[in-house]
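To be precise, the following lines are data_34.txt, and they hold compact mmCIF, C-alpha atoms and all ligand atoms.
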# COMPACT_ATOMS: atom_id res chain seq x y z
CA MET A 456 174.08 55.72 93.52
CA ASN A 457 173.18 53.78 90.36
CA SER A 458 172.40 55.60 87.11
CA ILE A 459 171.26 55.04 83.56
CA VAL A 460 171.91 57.13 80.46
CA VAL A 461 169.17 57.07 77.83
CA GLY A 462 168.67 58.85 74.48
CA LEU A 463 165.46 60.87 74.13
CA GLN A 464 165.29 61.40 70.36
CA TRP A 465 166.25 59.10 67.44
CA GLY A 466 169.73 58.16 68.69
CA ASP A 467 173.18 59.74 68.51
CA GLU A 468 172.40 62.32 71.19
CA GLY A 469 175.89 61.92 72.65
CA LYS A 470 175.10 59.13 75.13
CA GLY A 471 178.65 57.74 74.92
CA LYS A 472 180.19 61.04 75.94
CA ILE A 473 177.79 61.40 78.88
CA VAL A 474 178.45 57.81 79.96
CA GLN A 475 182.18 58.52 79.89
CA HIS A 476 181.60 61.60 82.08
CA LEU A 477 179.42 59.78 84.61
CA SER A 478 181.53 56.61 84.62
CA LYS A 479 184.05 58.30 86.90
CA SER A 480 181.60 58.12 89.78
CA HIS A 481 180.54 54.51 89.14
CA ASP A 482 182.27 51.15 89.49
CA TRP A 483 180.55 49.25 86.70
CA VAL A 484 179.30 50.28 83.27
CA VAL A 485 176.69 47.88 81.85
CA ARG A 486 175.19 47.46 78.38
CA PHE A 487 171.81 45.71 78.24
CA SER A 488 170.37 46.57 74.79
CA GLY A 489 171.15 47.02 71.13
CA GLY A 490 174.19 45.53 69.49
CA PRO A 491 176.71 46.63 66.88
CA ASN A 492 174.06 48.97 65.45
CA ALA A 493 175.07 51.37 68.25
CA GLY A 494 177.96 53.78 67.72
CA HIS A 495 178.97 55.77 70.79
CA THR A 496 181.81 58.22 70.24
CA ILE A 497 184.21 59.16 72.99
CA TYR A 498 187.67 60.67 73.22
CA TYR A 499 190.49 59.12 75.25
CA ASN A 500 193.39 61.58 75.62
CA GLY A 501 192.30 63.34 72.44
CA GLN A 502 191.98 60.08 70.51
CA LYS A 503 188.56 59.34 69.00
CA PHE A 504 187.06 55.94 69.72
CA ILE A 505 183.69 54.56 68.62
CA HIS A 506 182.14 51.96 70.90
CA HIS A 507 179.77 49.50 69.28
CA LEU A 508 179.60 46.78 71.92
CA ILE A 509 181.94 47.52 74.81
CA PRO A 510 180.39 49.86 77.38
CA SER A 511 181.83 53.40 77.19
CA GLY A 512 183.60 53.32 80.56
CA THR A 513 187.25 53.94 81.31
CA LYS A 514 190.11 51.91 82.71
CA ASN A 515 188.83 52.34 86.26
CA ASN A 516 185.52 50.64 85.47
CA LYS A 517 184.47 47.05 85.18
CA LEU A 518 182.51 46.59 81.97
CA PHE A 519 179.63 44.15 81.61
CA ILE A 520 177.94 43.21 78.34
CA SER A 521 174.79 41.82 79.88
CA ARG A 522 172.27 39.41 78.42
CA GLY A 523 170.07 41.86 76.51
CA THR A 524 172.93 42.87 74.21
CA LEU A 525 173.14 41.34 70.72
CA VAL A 526 176.73 40.32 70.10
CA ASP A 527 178.59 40.13 66.81
CA LEU A 528 181.69 38.19 67.88
CA GLU A 529 183.93 39.61 65.16
CA VAL A 530 182.95 43.21 65.92
CA LEU A 531 183.50 42.55 69.62
CA ASN A 532 186.96 41.06 69.11
CA ASP A 533 188.02 43.93 66.86
CA GLU A 534 186.80 46.42 69.43
CA ILE A 535 188.58 44.69 72.30
CA LYS A 536 191.78 44.73 70.27
CA SER A 537 191.51 48.44 69.46
CA MET A 538 190.63 49.34 73.02
CA GLU A 539 193.54 47.35 74.43
CA ARG A 540 195.87 49.65 72.51
CA ILE A 541 194.53 52.55 74.56
CA PHE A 542 193.96 50.72 77.87
CA PRO A 543 195.88 47.43 78.13
CA GLU A 544 194.17 46.78 81.49
CA ILE A 545 190.77 46.59 79.78
CA ARG A 546 191.56 42.95 78.94
CA ASN A 547 190.77 41.89 82.50
CA ASN A 548 187.80 44.16 82.99
CA ILE A 549 185.31 42.92 80.40
CA TYR A 550 182.58 40.45 81.33
CA ILE A 551 180.13 38.98 78.82
CA SER A 552 176.92 37.19 79.73
CA ALA A 553 176.52 33.64 78.38
CA TRP A 554 172.86 34.48 77.69
CA CYS A 555 173.64 37.09 75.00
CA ARG A 556 172.13 36.51 71.57
CA VAL A 557 174.76 36.08 68.85
CA ILE A 558 174.41 37.56 65.37
CA SER A 559 175.53 35.14 62.66
CA PRO A 560 176.26 35.89 58.98
CA ILE A 561 172.84 34.35 58.25
CA GLU A 562 171.05 37.17 60.09
CA LYS A 563 173.21 39.81 58.43
CA ASP A 564 172.23 38.43 55.00
CA LEU A 565 168.58 38.28 56.10
CA ASP A 566 168.70 41.91 57.21
CA ILE A 567 169.88 42.97 53.75
CA LYS A 568 167.36 40.73 51.97
CA ILE A 569 164.36 41.80 54.07
CA GLU A 570 165.20 45.47 53.53
CA GLU A 571 165.41 44.80 49.80
CA LEU A 572 161.99 43.09 49.81
CA LYS A 573 160.41 45.98 51.70
CA GLY A 574 161.36 48.29 48.84
CA SER A 575 160.12 51.80 49.51
CA ASN A 576 159.02 50.72 53.01
CA ALA A 577 162.55 49.76 54.01
CA VAL A 578 163.52 50.82 57.54
CA GLY A 579 167.01 51.90 56.58
CA THR A 580 168.60 49.56 59.11
CA THR A 581 172.30 49.53 59.90
CA LYS A 582 172.44 46.08 58.20
CA ARG A 583 174.05 44.61 61.29
CA GLY A 584 171.51 41.74 61.51
CA ILE A 585 169.62 43.19 64.48
CA GLY A 586 165.98 42.51 63.49
CA PRO A 587 166.54 38.96 62.14
CA THR A 588 168.55 38.01 65.25
CA VAL A 589 165.71 39.12 67.53
CA ALA A 590 163.23 37.31 65.24
CA ASP A 591 165.25 34.07 65.27
CA ASP A 592 165.46 34.32 69.03
CA ALA A 593 161.66 34.69 69.19
CA HIS A 594 161.39 31.56 67.02
CA ARG A 595 163.63 29.93 69.65
CA ALA A 596 166.05 29.13 66.88
CA GLY A 597 168.63 31.86 67.49
CA LEU A 598 172.16 31.45 68.80
CA ARG A 599 173.14 32.28 72.35
CA ILE A 600 176.70 32.45 73.65
CA PHE A 601 176.04 29.41 75.86
CA ASP A 602 175.48 27.31 72.71
CA PHE A 603 179.12 27.79 71.79
CA PHE A 604 180.41 25.54 74.56
CA SER A 605 179.29 22.52 72.51
CA GLU A 606 180.35 22.38 68.86
CA GLU A 607 177.73 19.71 68.16
CA LYS A 608 174.90 21.80 69.60
CA LEU A 609 176.06 24.86 67.67
CA ARG A 610 176.20 22.87 64.42
CA ARG A 611 172.63 21.60 64.97
CA LYS A 612 171.33 25.10 65.66
CA LEU A 613 173.12 26.58 62.65
CA THR A 614 171.71 23.82 60.44
CA THR A 615 168.18 24.70 61.60
CA LEU A 616 168.82 28.42 61.08
CA ALA A 617 170.04 27.67 57.56
CA LEU A 618 166.82 25.76 56.82
CA ILE A 619 164.58 28.50 58.21
CA SER A 620 166.32 31.23 56.22
CA LYS A 621 166.73 29.27 52.98
CA PRO A 622 163.54 30.62 51.30
CA LEU A 623 164.93 34.13 51.65
CA ILE A 624 168.68 33.84 51.23
CA GLY A 625 169.19 30.43 49.63
CA ASP A 626 171.80 27.89 50.71
CA VAL A 627 174.52 28.88 53.14
CA ASP A 628 177.76 27.07 53.99
CA VAL A 629 177.11 25.87 57.55
CA ASP A 630 180.63 24.39 58.00
CA ASN A 631 182.25 27.62 57.01
CA ILE A 632 180.05 29.73 59.28
CA LEU A 633 180.59 27.30 62.16
CA GLU A 634 184.34 27.47 61.76
CA SER A 635 184.49 31.26 61.64
CA LEU A 636 182.12 31.70 64.60
CA LEU A 637 184.07 29.23 66.73
CA LYS A 638 187.34 30.95 65.86
CA GLU A 639 185.96 34.26 67.13
CA PHE A 640 184.37 32.65 70.18
CA LYS A 641 187.70 31.16 71.32
CA LYS A 642 189.08 34.68 71.70
CA ILE A 643 186.37 35.78 74.13
CA LYS A 644 185.69 32.48 75.90
CA VAL A 645 187.57 33.44 79.09
CA ARG A 646 185.50 36.61 79.43
CA VAL A 647 182.17 34.79 79.36
CA LYS A 648 180.89 34.99 82.90
CA GLU A 649 177.96 36.52 84.69
CA ALA A 650 179.49 39.46 86.52
CA SER A 651 178.97 39.37 90.27
CA ILE A 652 178.44 43.02 90.79
CA ASN A 653 179.32 44.93 93.87
CA GLY A 654 179.58 48.67 93.80
CA SER A 655 177.66 51.22 91.82
CA VAL A 656 176.33 50.62 88.33
CA LEU A 657 175.94 52.93 85.35
CA PHE A 658 173.67 51.45 82.67
CA GLU A 659 174.35 52.57 79.11
CA ALA A 660 171.18 52.40 77.01
CA THR A 661 171.48 52.32 73.22
CA GLN A 662 169.44 53.90 70.42
CA ALA A 663 166.67 56.08 71.90
CA ILE A 664 163.04 56.34 72.98
CA MET A 665 161.73 57.22 69.50
CA LEU A 666 163.48 54.10 68.11
CA ASP A 667 161.99 51.80 70.75
CA PRO A 668 159.95 48.98 69.12
CA MET A 669 156.98 49.47 71.45
CA TYR A 670 157.03 53.22 72.23
CA GLY A 671 158.76 54.69 69.16
CA THR A 672 157.81 55.37 65.55
CA TYR A 673 157.02 51.75 64.65
CA PRO A 674 157.80 50.24 62.14
CA TYR A 675 160.72 52.67 61.73
CA VAL A 676 162.43 51.55 64.92
CA THR A 677 165.08 49.13 66.11
CA SER A 678 164.30 45.70 67.58
CA THR A 679 165.49 45.82 71.18
CA SER A 680 164.01 47.97 73.91
CA CYS A 681 165.61 51.33 74.58
CA LEU A 682 163.69 52.15 77.77
CA PRO A 683 165.29 52.47 81.21
CA SER A 684 162.49 50.33 82.62
CA SER A 685 163.77 47.40 80.54
CA ALA A 686 167.26 47.55 82.09
CA PRO A 687 166.60 45.27 85.09
CA TYR A 688 165.04 42.55 82.92
CA PHE A 689 167.67 42.65 80.20
CA SER A 690 170.67 42.96 82.52
CA GLY A 691 169.61 40.60 85.31
CA LEU A 692 170.38 43.40 87.80
CA PHE A 693 167.06 43.77 89.55
CA ASN A 694 167.79 45.88 92.60
CA LYS A 695 169.69 48.86 91.24
CA ASN A 696 166.86 51.39 90.77
CA PRO A 697 168.99 53.72 88.69
CA GLU A 698 168.44 57.46 88.44
CA VAL A 699 167.61 58.28 84.83
CA PHE A 700 169.80 60.74 82.90
CA GLY A 701 167.94 61.65 79.69
CA VAL A 702 170.10 63.04 76.89
CA PHE A 703 168.86 65.21 74.02
CA LYS A 704 170.45 67.34 71.34
CA ALA A 705 169.63 71.05 71.04
CA TYR A 706 168.19 70.10 67.64
CA THR A 707 167.13 66.75 66.16
CA THR A 708 168.70 64.17 63.87
CA ARG A 709 167.59 60.83 62.50
CA VAL A 710 169.37 58.15 60.44
CA GLY A 711 167.34 55.83 58.23
CA SER A 712 163.70 56.09 57.18
CA GLY A 713 160.60 57.11 59.06
CA PRO A 714 158.66 60.20 60.01
CA PHE A 715 160.55 63.26 61.23
CA PRO A 716 158.08 66.14 61.57
CA THR A 717 160.62 68.93 62.23
CA GLU A 718 163.07 67.84 59.54
CA ILE A 719 164.57 70.68 57.50
CA PHE A 720 166.14 70.72 54.07
CA ASP A 721 168.27 73.02 51.94
CA GLU A 722 171.01 75.28 53.28
CA GLU A 723 169.90 75.40 56.91
CA SER A 724 169.93 71.60 57.10
CA GLU A 725 173.32 71.44 55.42
CA LYS A 726 174.68 74.03 57.84
CA LEU A 727 173.44 72.00 60.82
CA ARG A 728 174.88 68.76 59.43
CA LYS A 729 178.24 70.37 58.85
CA ALA A 730 178.41 72.22 62.17
CA GLY A 731 177.33 69.13 64.12
CA GLY A 732 179.36 66.60 62.10
CA GLU A 733 176.11 64.72 61.57
CA PHE A 734 177.30 61.55 59.89
CA GLY A 735 176.51 58.12 61.36
CA SER A 736 179.09 56.69 63.80
CA THR A 737 178.28 53.13 62.69
CA THR A 738 177.45 53.40 58.99
CA GLY A 739 178.84 56.83 58.02
CA ARG A 740 175.45 57.75 56.51
CA SER A 741 174.41 61.40 56.43
CA ARG A 742 172.06 62.08 59.32
CA ARG A 743 168.79 63.83 58.52
CA CYS A 744 168.65 67.12 60.44
CA GLY A 745 165.85 69.24 61.89
CA TRP A 746 164.78 71.50 64.73
CA ILE A 747 164.05 70.49 68.30
CA ASP A 748 160.65 68.84 68.74
CA LEU A 749 159.39 69.62 72.25
CA PRO A 750 156.10 67.66 72.26
CA LEU A 751 158.08 64.53 71.30
CA LEU A 752 160.78 65.35 73.83
CA LYS A 753 158.13 65.66 76.54
CA TYR A 754 156.68 62.30 75.46
CA ALA A 755 160.15 60.69 75.64
CA CYS A 756 160.89 62.22 79.06
CA ASP A 757 157.65 60.78 80.40
CA VAL A 758 158.16 57.33 78.86
CA ALA A 759 161.72 57.21 80.18
CA ASN A 760 160.69 58.72 83.52
CA VAL A 761 163.65 61.08 83.36
CA ASP A 762 165.15 62.39 86.62
CA HIS A 763 167.97 64.48 85.15
CA LEU A 764 167.93 66.21 81.79
CA ILE A 765 171.10 66.83 79.77
CA MET A 766 171.31 68.92 76.60
CA THR A 767 174.15 68.12 74.21
CA LYS A 768 175.56 69.90 71.17
CA ALA A 769 174.32 73.29 72.36
CA ASP A 770 177.54 74.72 70.86
CA VAL A 771 176.54 73.55 67.37
CA LEU A 772 173.83 76.23 67.18
CA ASN A 773 176.23 79.08 68.09
CA GLY A 774 176.14 81.67 65.32
CA PHE A 775 172.80 80.66 63.77
CA ASP A 776 170.63 83.76 63.06
CA ARG A 777 167.44 81.95 63.99
CA ILE A 778 166.65 78.64 65.61
CA GLY A 779 163.52 76.61 65.01
CA VAL A 780 161.51 75.25 67.94
CA CYS A 781 158.41 73.10 67.74
CA GLN A 782 156.33 73.84 70.83
CA GLU A 783 153.11 72.17 69.76
CA TYR A 784 151.31 70.23 67.05
CA GLU A 785 148.00 70.95 65.44
CA GLY A 786 146.09 67.95 66.70
CA GLU A 787 147.30 65.00 68.71
CA VAL A 788 150.90 63.79 68.94
CA LEU A 789 150.88 60.06 68.30
CA PRO A 790 154.30 58.45 67.71
CA TYR A 791 152.77 55.84 65.38
CA ALA A 792 151.00 58.46 63.27
CA LEU A 793 153.67 61.12 62.88
CA GLU A 794 153.55 60.91 59.08
CA SER A 795 150.40 63.00 59.07
CA ALA A 796 151.32 65.16 62.08
CA ARG A 797 151.30 68.94 61.72
CA PRO A 798 154.04 70.44 63.86
CA LYS A 799 154.04 74.19 64.44
CA VAL A 800 157.59 75.51 64.23
CA ASP A 801 158.42 79.02 65.50
CA TYR A 802 161.79 80.68 65.40
CA VAL A 803 163.66 82.11 68.34
CA LYS A 804 166.58 84.51 68.12
CA GLY A 805 169.97 82.87 67.65
CA TRP A 806 172.96 83.34 69.96
CA LYS A 807 176.67 83.88 69.57
CA ASN A 808 177.69 81.86 72.61
CA LEU A 809 176.10 80.01 75.50
CA GLN A 810 176.34 83.00 77.85
CA ASP A 811 173.95 84.90 75.58
CA ILE A 812 170.51 85.76 76.98
CA ALA A 813 168.92 84.30 73.80
CA PHE A 814 170.31 80.86 74.76
CA LYS A 815 168.80 81.20 78.25
CA ASP A 816 165.44 82.07 76.66
CA PHE A 817 165.71 78.94 74.47
CA LEU A 818 166.30 76.86 77.63
CA SER A 819 163.25 78.41 79.32
CA VAL A 820 161.02 77.42 76.39
CA ILE A 821 162.28 73.82 76.61
CA GLU A 822 161.82 73.63 80.37
CA ARG A 823 158.30 75.06 80.16
CA ILE A 824 157.17 72.43 77.63
CA VAL A 825 158.93 69.34 78.98
CA LYS A 826 158.19 70.36 82.57
CA ARG A 827 161.68 69.56 83.79
CA LYS A 828 164.87 71.53 84.45
CA VAL A 829 167.79 71.10 82.08
CA GLU A 830 170.52 70.28 84.59
CA TYR A 831 173.61 69.96 82.39
CA ILE A 832 174.78 71.48 79.12
CA SER A 833 177.32 69.70 76.95
CA PHE A 834 179.17 72.08 74.65
CA GLY A 835 181.78 69.93 72.92
CA PRO A 836 182.65 66.28 72.20
CA LYS A 837 185.26 65.89 74.96
CA GLU A 838 184.43 64.40 78.32
CA GLU A 839 185.17 67.66 80.16
CA ASP A 840 183.01 69.81 77.84
CA ILE A 841 180.00 69.75 80.13
CA LYS A 842 178.73 72.00 82.91
CA PRO A 843 175.86 71.91 85.37
CA ILE A 844 173.41 74.82 85.24
P1 LIG A 901 175.62 58.36 70.81
O1 LIG A 901 175.31 57.26 69.85
O2 LIG A 901 174.40 58.90 71.49
O3 LIG A 901 176.70 58.02 71.79
O4 LIG A 901 176.18 59.57 69.90
P2 LIG A 901 177.21 59.46 68.66
O5 LIG A 901 178.58 59.22 69.17
O6 LIG A 901 176.70 58.54 67.62
O7 LIG A 901 177.05 60.91 68.03
C1 LIG A 901 177.28 62.06 68.80
C2 LIG A 901 178.36 62.91 68.10
O8 LIG A 901 178.40 64.20 68.68
C3 LIG A 901 179.76 62.34 68.29
O9 LIG A 901 180.53 62.69 67.17
C4 LIG A 901 180.27 63.09 69.53
O10 LIG A 901 181.68 63.18 69.56
C5 LIG A 901 179.64 64.44 69.33
N1 LIG A 901 179.29 65.18 70.56
C6 LIG A 901 178.79 64.70 71.74
N2 LIG A 901 178.46 65.74 72.56
C7 LIG A 901 178.76 66.87 71.89
C8 LIG A 901 178.61 68.26 72.19
O11 LIG A 901 178.11 68.65 73.24
N3 LIG A 901 179.03 69.15 71.24
C9 LIG A 901 179.55 68.75 70.04
N4 LIG A 901 179.91 69.68 69.17
N5 LIG A 901 179.70 67.45 69.74
C10 LIG A 901 179.29 66.53 70.63
P1 LIG A 902 173.09 54.78 68.92
O1 LIG A 902 173.11 53.87 70.12
C1 LIG A 902 170.86 56.16 65.42
C2 LIG A 902 168.32 53.18 63.42
C3 LIG A 902 168.72 52.77 62.01
C4 LIG A 902 167.35 52.43 61.46
C5 LIG A 902 166.63 51.78 62.65
C6 LIG A 902 166.69 50.26 62.66
O2 LIG A 902 174.43 55.06 68.37
O3 LIG A 902 172.27 56.01 69.21
P2 LIG A 902 168.62 48.49 63.12
O4 LIG A 902 169.97 48.31 62.46
O5 LIG A 902 168.69 48.73 64.58
O6 LIG A 902 167.66 47.40 62.75
O7 LIG A 902 168.03 49.82 62.42
O8 LIG A 902 167.28 52.29 63.80
N1 LIG A 902 169.41 53.03 64.44
C7 LIG A 902 170.08 54.05 64.97
N2 LIG A 902 170.04 55.39 64.68
N3 LIG A 902 171.67 55.70 66.41
C8 LIG A 902 171.70 54.39 66.72
O9 LIG A 902 172.37 53.90 67.78
C9 LIG A 902 170.92 53.50 65.95
N4 LIG A 902 170.74 52.15 65.97
C10 LIG A 902 169.81 51.89 65.05
O10 LIG A 902 169.33 53.84 61.33
O11 LIG A 902 166.65 53.61 61.13
MG MG A 903 175.49 56.76 67.84
Let me see whether you can do it: turn the structure in this file into structure tokens.
Amino acid sequence: MNSIVVGLQWGDEGKGKIVQHLSKSHDWVVRFSGGPNAGHTIYYNGQKFIHHLIPSGTKNNKLFISRGTLVDLEVLNDEIKSMERIFPEIRNNIYISAWCRVISPIEKDLDIKIEELKGSNAVGTTKRGIGPTVADDAHRAGLRIFDFFSEEKLRRKLTTLALISKPLIGDVDVDNILESLLKEFKKIKVRVKEASINGSVLFEATQAIMLDPMYGTYPYVTSTSCLPSSAPYFSGLFNKNPEVFGVFKAYTTRVGSGPFPTEIFDEESEKLRKAGGEFGSTTGRSRRCGWIDLPLLKYACDVANVDHLIMTKADVLNGFDRIGVCQEYEGEVLPYALESARPKVDYVKGWKNLQDIAFKDFLSVIERIVKRKVEYISFGPKEEDIKPI
């Protein structure tokens, strides 16, 4: 069986932890989207590890960073080094597609500059150069890993990139950038190969449906597709037909700007943030917190064509007196017009633990609105803290 794990809200649903859990029954774990903007937290023998680019598999998996992933070579090398300390064997198990787009310091500077120019309309990006790298690629001026096999070609491309970006960021030192990129490339060169895959595949999507550039809350989105249907195209693995595992939190969080109809403030929000440890895995920013939004969750389940639904962080709500649930909106639910949306939030009775009848009632409300069964509950950050229901 092949599978894919996808986030159904605004990211950070616990995809990494679910990937780690499912990776045991798969041979390969494959990334096909996002880049170092992703932060997927998992625990190896009690030790916390945040994956930005390497798929969240374990030592028994082969790991493929396929062509849709945006690679920051320095971030990748640092991550390989840290992971080798935990699993020395990982060294021989990582494959990187030569087609991957490479983020250069030019795109990181552009990301910062463009956000600055947007002023109060800034997206609140992770400043990892994601948008400008996708834009440069669309201009057919961006860097790909295959460019690095010829220093001359890479120099020419960097010189063009420097010219294109000059009106925004001024002059850059092409020689210096070339030298530092090539130094990082040398360390991963032997791993650059298209994986010939036999065995079962687990795709690890990044970000989430509501951050997808075409189906999310544009313009407050990321720049690479987060949908399971984009996995074949962006991985080059066309015949896997993965079963879709959709992951959602028992409440909602969002990092960065953009509409968030069920957002809450004051003490209840602070309590949620503290109980859930809601601080960004990549940037450390405080995550905005709110109640579960079922019309949006239903939308995301449909867009992702979810086969199996997984709720994470159910434990975080233990001990709350009341829990907010948005079951409907007044008027239509349009992801691009959520700023003016009017969600109706009701409160259900809180629970002490997940055996409580009030928790079962909460599940029934979710299942009725999203028209799917919740098949697994995750109740802690460790790989084994999950049970089928
Ligand atoms: P991802 O980007 O979707 O992989 O999620 P992140 O790693 O950015 O954020 C999820 C956070 O919640 C991490 O700190 C996880 O360790 C933690 N986590 C995952 N599942 C659970 C859960 O069921 N309960 C609790 N309490 N924490 C969880
Ligand atoms: P994972 O995979 C949460 C958000 C940023 C910003 C917007 C655009 O860990 O769930 P970008 O840097 O991509 O141009 O930023 O998207 N964002 C994420 N939010 N989790 C992520 O990844 C995110 N990746 C990007 O905060 O609002
Ligand atoms: Mg994350």
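Picture a line from atom C3 of ligand LIG 901 (chain A) to atom CA of Met538 of chain A; it runs 17.6 Å.
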Near-ligand residues for ligand LIG 902 (chain A), threshold 8 Å, all atoms listed in the file, as number ranges by chain: A: 462, 465-470, 489, 492-495, 507, 566, 578-586, 660-663, 666, 675-679, 709-713, 735-737
Write out as a PDB file with C-alpha atoms, in the coordinates of the input which residues come within 8 Å of Ala553 of chain A when counting all atoms listed in the file, dropping same-chain ones fewer than 6 positions away.
ATOM      1  CA  ARG A 522     172.270  39.410  78.420  1.00  0.00           C
ATOM      2  CA  ARG A 599     173.140  32.280  72.350  1.00  0.00           C
ATOM      3  CA  ILE A 600     176.700  32.450  73.650  1.00  0.00           C
ATOM      4  CA  PHE A 601     176.040  29.410  75.860  1.00  0.00           C
ATOM      5  CA  VAL A 647     182.170  34.790  79.360  1.00  0.00           C
ATOM      6  CA  LYS A 648     180.890  34.990  82.900  1.00  0.00           C
ATOM      7  CA  GLU A 649     177.960  36.520  84.690  1.00  0.00           C
TER       8      GLU A 649
END
Just want the 8 Å neighbourhood of Glu830 of chain A, counted on all atoms listed in the file, with same-chain residues fewer than 4 positions away dropped. Output as a PyMOL selection string. chain A and resi 763-765+843-844
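The interatomic distance for the pair atom CA of Tyr670 of chain A and atom CA of Gln464 of chain A works out to 11.8 Å.
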Given all atoms listed in the file as the counted atoms, nearest of A:Lys472, A:Ser552, A:Tyr791, A:Leu528 to Gly835 of chain A: A:Lys472
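With distances restricted to all atoms listed in the file, A:Val656 is the closest residue to Ile459 of chain A from A:Leu636, A:Ile821, A:Val656, A:Ile569.
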Residue contacts of Lys641 of chain A (12 Å, all atoms listed in the file) excluding same-chain residues fewer than 6 positions away, as a VMD selection string: chain A and resid 528 to 529 532 600 603 to 604 606 634 to 635 647
Which residue gives the smallest distance to ligand LIG 901 (chain A) among A:Met669, A:Ile520, A:Leu809, A:Ala590, with all atoms listed in the file counted? A:Leu809
For atom CA of Asn500 of chain A and atom CA of Thr708 of chain A, quote the distance in Å rounded to one decimal. 27.5 Å
Which neighbours of segment 717-728 of chain A fall inside 9 Å, counting only C-alpha atoms, when residues of the same chain fewer than 2 positions from it are skipped, and could you give them as a count of residues only? 27
Closest to Lys804 of chain A among A:Asp564, A:Glu544, A:Glu822, A:Asp776, using all atoms listed in the file? A:Asp776
Ref. answer, residues at most 12 Å from (180.4, 47.6, 94.3) with all atoms listed in the file, as a list in words: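 Output: Met456, Asn457, Ser480, His481, Asp482, Trp483, Val484, Asn516, Lys517, Ala650, Ser651, Ile652, Asn653, Gly654, Ser655, Val656, Leu657 and Lys695 of chain A.
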When you look at segment 687-690 of chain A with a cut-off of 8 Å (counting only C-alpha atoms), what residues show up, excluding the ones that are within fewer than 2 positions of it in the same chain? I need them as a CSV table (one decimal) with C-alpha atoms, in the frame of the given file.
chain,number,residue,atom,x,y,z
A,485,VAL,CA,176.7,47.9,81.8
A,486,ARG,CA,175.2,47.5,78.4
A,487,PHE,CA,171.8,45.7,78.2
A,488,SER,CA,170.4,46.6,74.8
A,521,SER,CA,174.8,41.8,79.9
A,522,ARG,CA,172.3,39.4,78.4
A,523,GLY,CA,170.1,41.9,76.5
A,524,THR,CA,172.9,42.9,74.2
A,684,SER,CA,162.5,50.3,82.6
A,685,SER,CA,163.8,47.4,80.5
A,692,LEU,CA,170.4,43.4,87.8
A,693,PHE,CA,167.1,43.8,89.6
A,694,ASN,CA,167.8,45.9,92.6
A,695,LYS,CA,169.7,48.9,91.2
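The closest residue to ligand MG 903 (chain A), picked from A:Ser833, A:Glu571, A:Arg740, A:Lys642 and counting all atoms listed in the file, is A:Arg740.
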With distances taken over all atoms listed in the file, which residue among A:Gly774, A:Gly597, A:Gly671, A:Gly739 lies nearest ligand LIG 901 (chain A)?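 Selected residue with least distance to ligand LIG 901 (chain A): A:Gly739.
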Quick one: segment 587-598 of chain A with N, CA and C atoms, as a short mmCIF file (atom, residue, chain, number, x, y, z; two decimals), keeping the file's coordinate frame?
data_model
loop_
_atom_site.label_atom_id
_atom_site.label_comp_id
_atom_site.auth_asym_id
_atom_site.auth_seq_id
_atom_site.Cartn_x
_atom_site.Cartn_y
_atom_site.Cartn_z
N PRO A 587 166.60 40.42 62.32
CA PRO A 587 166.54 38.96 62.14
C PRO A 587 167.08 38.18 63.35
N THR A 588 168.04 38.73 64.08
CA THR A 588 168.55 38.01 65.25
C THR A 588 167.50 37.97 66.35
N VAL A 589 166.79 39.10 66.53
CA VAL A 589 165.71 39.12 67.53
C VAL A 589 164.58 38.19 67.07
N ALA A 590 164.30 38.17 65.76
CA ALA A 590 163.23 37.31 65.24
C ALA A 590 163.59 35.84 65.43
N ASP A 591 164.83 35.47 65.10
CA ASP A 591 165.25 34.07 65.27
C ASP A 591 165.20 33.66 66.73
N ASP A 592 165.52 34.61 67.59
CA ASP A 592 165.46 34.32 69.03
C ASP A 592 164.00 34.07 69.44
N ALA A 593 163.09 34.87 68.87
CA ALA A 593 161.66 34.69 69.19
C ALA A 593 161.15 33.36 68.65
N HIS A 594 161.74 32.90 67.53
CA HIS A 594 161.39 31.56 67.02
C HIS A 594 162.01 30.45 67.87
N ARG A 595 162.82 30.85 68.83
CA ARG A 595 163.63 29.93 69.65
C ARG A 595 164.57 29.10 68.79
N ALA A 596 165.09 29.78 67.78
CA ALA A 596 166.05 29.13 66.88
C ALA A 596 167.38 29.88 66.86
N GLY A 597 167.44 31.01 67.56
CA GLY A 597 168.63 31.86 67.49
C GLY A 597 169.79 31.32 68.32
N LEU A 598 170.96 31.88 68.07
CA LEU A 598 172.16 31.45 68.80
C LEU A 598 172.34 32.28 70.06
#
